[in-house]
Amino acid sequence: MVSLTLLQGVSLATMKVAIVQNRPEFGRVQANLDRVEKMLAGKAADLFVLPELFATGYRFKDMDEARQFAEPVPDGQTTEFLLSLAKKFNAYFIAGLVEIENDRIYNSSVIVGPEDFIGRYRKIHLFDTEKSCFDTGTDVPPVFDLNGAKVGVMICFDWRFPETARSLALKGAEIIAHPSNLVLAHCPQAMITRCLENRVYAITADRVGDESRVPDETLHFIGQSQVVDPDGNILVRASETEEEVHIVDIDLEKSRNKFLNSKNDIFKDRRPTLYS
């Protein structure tokens, strides 16, 4: 059951959110989807966040290889799988995939709910060899109203650019969903700062495991999927090595209140005319 409900036009504040941390086998899409479905058996949450490229694996050798795994949205295999889960669990899902549209290839996340496909986001900050595998997204990072909860979406390396999280928060995001395939060690701690800067919740869903698809270069994914609250508290953090699902309750009133004390509202105290 979805616990976030509407009462006389005002959304209640409690919500169950889940991080899903998996270990995809590169290129084995159906097997990876089946594995995730097994991991979710018996779980209940209002919002599930899964990693970037959770069904394909990460390390494409070039854009031609990425194109082999690219899917239209919302009519592709992975989005249809997520829609089936959303209906089965009566919940919202946000997860990453390879998208194709008009022969352009994107590192995207899709947002679906029990009612239908809701939207997508195409990554705007490509990391390292992603620049040779994907086209850069050109749309403003979006905020979606998920049954009264305002949820913004960014993908992995977007964390390194504080403008991404700030722009989402200024557009009203109370939660930032952050599908990721992290290889840099700093992100889990940096997301604490992003939450403090903006007084939002952040749900970072990462993967684990290694990929050795390029000679003499192995990528190690650091896990540590987590949920951080607007005060910078880590509500849950997964391990660095294991597939895991964690569910926590969050209170959205915390992210709606931008006061640090009786005199300082972190948004009203901004001085944008003095920033350059």
# chains A, B, ... in the order shown; residues from 1 in each chain; ligands from 1

$ select_by_dssp --residues "region 168-226 of chain A" --states "helix (DSSP H, G or I)" --output "number ranges by chain"
A: 168-170, 187-198

$ residues_around --residues "Thr138 (chain A)" --least-positions-apart "3" --cutoff "10 Å" --atoms "only C-alpha atoms" --output "list in words"
Tyr121, Arg122, Lys123, Ile124, His125, Asp135 and Pro141 of chain A

$ closest_residue --among "A:Lys16, A:Lys150, A:His186, A:Arg120" --to "Pro74 (chain A)" --atoms "only C-alpha atoms"
A:Arg120

$ residues_around --residues "Ser180 (chain A)" --least-positions-apart "2" --cutoff "8 Å" --atoms "only C-alpha atoms" --output "list in words"
Pro51, Glu52, Ile155, Cys156, Phe157, His178, Leu182, Thr204, Ala205, Asp206 and Arg207 of chain A

$ write_last_selection --atoms "N, CA and C atoms" --output "PDB file, in the first residue's frame"
ATOM      1  N   PRO A  51      19.696   1.441  -9.275  1.00  0.00           N
ATOM      2  CA  PRO A  51      20.900   2.087  -9.800  1.00  0.00           C
ATOM      3  C   PRO A  51      20.780   2.557 -11.251  1.00  0.00           C
ATOM      4  N   GLU A  52      21.739   3.347 -11.628  1.00  0.00           N
ATOM      5  CA  GLU A  52      21.997   3.708 -13.025  1.00  0.00           C
ATOM      6  C   GLU A  52      22.280   2.424 -13.815  1.00  0.00           C
ATOM      7  N   ILE A 155      21.482  11.788 -11.954  1.00  0.00           N
ATOM      8  CA  ILE A 155      22.135  10.502 -12.184  1.00  0.00           C
ATOM      9  C   ILE A 155      23.612  10.612 -11.848  1.00  0.00           C
ATOM     10  N   CYS A 156      24.072   9.752 -10.989  1.00  0.00           N
ATOM     11  CA  CYS A 156      25.483   9.519 -10.667  1.00  0.00           C
ATOM     12  C   CYS A 156      26.318  10.793 -10.653  1.00  0.00           C
ATOM     13  N   PHE A 157      27.181  11.012 -11.673  1.00  0.00           N
ATOM     14  CA  PHE A 157      28.178  12.087 -11.665  1.00  0.00           C
ATOM     15  C   PHE A 157      27.567  13.476 -11.550  1.00  0.00           C
ATOM     16  N   HIS A 178      18.649   9.422  -6.885  1.00  0.00           N
ATOM     17  CA  HIS A 178      19.993   9.516  -7.443  1.00  0.00           C
ATOM     18  C   HIS A 178      20.486   8.129  -7.878  1.00  0.00           C
ATOM     19  N   LEU A 182      28.704   4.186  -8.914  1.00  0.00           N
ATOM     20  CA  LEU A 182      29.789   4.987  -8.354  1.00  0.00           C
ATOM     21  C   LEU A 182      31.119   4.250  -8.375  1.00  0.00           C
ATOM     22  N   THR A 204      20.397   7.689  -2.808  1.00  0.00           N
ATOM     23  CA  THR A 204      21.416   7.258  -3.769  1.00  0.00           C
ATOM     24  C   THR A 204      21.384   5.742  -3.856  1.00  0.00           C
ATOM     25  N   ALA A 205      21.044   5.223  -5.038  1.00  0.00           N
ATOM     26  CA  ALA A 205      21.024   3.777  -5.268  1.00  0.00           C
ATOM     27  C   ALA A 205      22.210   3.420  -6.155  1.00  0.00           C
ATOM     28  N   ASP A 206      23.147   2.690  -5.595  1.00  0.00           N
ATOM     29  CA  ASP A 206      24.379   2.333  -6.304  1.00  0.00           C
ATOM     30  C   ASP A 206      24.398   0.832  -6.557  1.00  0.00           C
ATOM     31  N   ARG A 207      25.372   0.388  -7.314  1.00  0.00           N
ATOM     32  CA  ARG A 207      25.581  -1.031  -7.564  1.00  0.00           C
ATOM     33  C   ARG A 207      26.864  -1.494  -6.891  1.00  0.00           C
TER      34      ARG A 207
END

$ closest_atom_pairs --of "region 132-213 of chain A" --to "region 100-117 of chain A" --cutoff "7 Å" --atoms "only C-alpha atoms" --output "CSV"
residue,atom,partner,partner_atom,distance
A:Phe134,CA,A:Tyr106,CA,5.1
A:Asp135,CA,A:Tyr106,CA,5.4
A:Thr136,CA,A:Tyr106,CA,6.8
A:Gly137,CA,A:Tyr106,CA,6.9

$ closest_residue --among "A:Ala86, A:Ala169, A:Met15, A:Val140" --to "Arg256 (chain A)" --atoms "only C-alpha atoms"
A:Ala169

$ select_by_dssp --residues "region 37-260 of chain A" --states "strand (DSSP E or B)" --output "PyMOL selection string"
chain A and resi 47-49+71+92-101+104-112+117-122+143-146+149-153+175-179+201-205+208-214+217-222+226-228+234-237+244-251+259

$ write_last_selection --atoms "C-alpha atoms" --output "tab-separated table (two decimals), in the first residue's frame"
chain	number	residue	atom	x	y	z
A	47	LEU	CA	9.19	4.64	-3.74
A	48	PHE	CA	11.91	2.27	-4.96
A	49	VAL	CA	15.13	3.74	-6.39
A	71	GLU	CA	15.63	0.90	-25.63
A	92	TYR	CA	6.76	4.35	-7.72
A	93	PHE	CA	10.04	3.22	-9.32
A	94	ILE	CA	12.99	5.29	-10.53
A	95	ALA	CA	15.80	3.45	-12.32
A	96	GLY	CA	18.48	3.87	-14.96
A	97	LEU	CA	18.72	2.46	-18.50
A	98	VAL	CA	20.15	3.08	-21.97
A	99	GLU	CA	17.63	5.06	-24.00
A	100	ILE	CA	17.43	5.59	-27.75
A	101	GLU	CA	15.43	8.29	-29.47
A	104	ARG	CA	20.59	9.40	-30.17
A	105	ILE	CA	21.74	7.35	-27.20
A	106	TYR	CA	21.22	8.58	-23.64
A	107	ASN	CA	22.11	7.48	-20.13
A	108	SER	CA	18.63	7.95	-18.72
A	109	SER	CA	16.43	7.31	-15.74
A	110	VAL	CA	12.74	6.57	-16.00
A	111	ILE	CA	10.03	7.33	-13.48
A	112	VAL	CA	6.98	5.08	-13.36
A	117	PHE	CA	4.80	5.94	-17.17
A	118	ILE	CA	5.48	9.35	-15.61
A	119	GLY	CA	8.67	10.73	-17.14
A	120	ARG	CA	12.38	10.46	-17.83
A	121	TYR	CA	15.64	12.28	-17.22
A	122	ARG	CA	18.71	12.17	-19.47
A	143	VAL	CA	10.90	17.38	-10.43
A	144	PHE	CA	7.87	15.08	-10.36
A	145	ASP	CA	4.82	15.14	-8.12
A	146	LEU	CA	4.48	11.56	-6.92
A	149	ALA	CA	5.78	14.12	-2.76
A	150	LYS	CA	8.05	16.32	-4.89
A	151	VAL	CA	10.85	14.11	-6.22
A	152	GLY	CA	13.76	15.41	-8.30
A	153	VAL	CA	16.01	13.14	-10.35
A	175	ILE	CA	13.57	14.20	-2.26
A	176	ILE	CA	16.38	13.78	-4.77
A	177	ALA	CA	16.46	10.32	-6.34
A	178	HIS	CA	19.99	9.52	-7.44
A	179	PRO	CA	20.49	6.31	-9.48
A	201	TYR	CA	16.36	13.94	1.37
A	202	ALA	CA	18.70	12.14	-1.03
A	203	ILE	CA	18.25	8.52	-2.09
A	204	THR	CA	21.42	7.26	-3.77
A	205	ALA	CA	21.02	3.78	-5.27
A	208	VAL	CA	28.36	-3.38	-6.43
A	209	GLY	CA	30.85	-5.61	-8.21
A	210	ASP	CA	33.56	-5.15	-10.86
A	211	GLU	CA	33.65	-4.86	-14.63
A	212	SER	CA	36.78	-5.66	-16.63
A	213	ARG	CA	35.72	-4.92	-20.18
A	214	VAL	CA	38.71	-2.80	-21.19
A	217	GLU	CA	41.37	-1.43	-16.54
A	218	THR	CA	38.92	-2.81	-14.01
A	219	LEU	CA	36.11	-0.66	-12.69
A	220	HIS	CA	35.19	-1.30	-9.07
A	221	PHE	CA	31.77	-0.09	-7.96
A	222	ILE	CA	31.67	1.04	-4.35
A	226	GLN	CA	22.11	5.32	1.17
A	227	VAL	CA	19.28	7.56	2.32
A	228	VAL	CA	20.31	10.88	3.87
A	234	ILE	CA	22.53	8.86	7.20
A	235	LEU	CA	19.29	6.96	7.78
A	236	VAL	CA	20.66	3.82	6.15
A	237	ARG	CA	23.81	2.94	4.23
A	244	GLU	CA	20.84	-5.37	-0.63
A	245	VAL	CA	17.43	-3.74	-0.32
A	246	HIS	CA	16.82	-1.26	2.50
A	247	ILE	CA	13.56	0.49	3.36
A	248	VAL	CA	13.26	3.49	5.66
A	249	ASP	CA	10.49	5.85	6.72
A	250	ILE	CA	10.98	9.52	5.99
A	251	ASP	CA	9.14	12.62	7.19
A	259	PHE	CA	14.71	27.05	8.57

$ atom_distance --atom1 "CA of Ala66 (chain A)" --atom2 "CA of Gln21 (chain A)"
22.1 Å
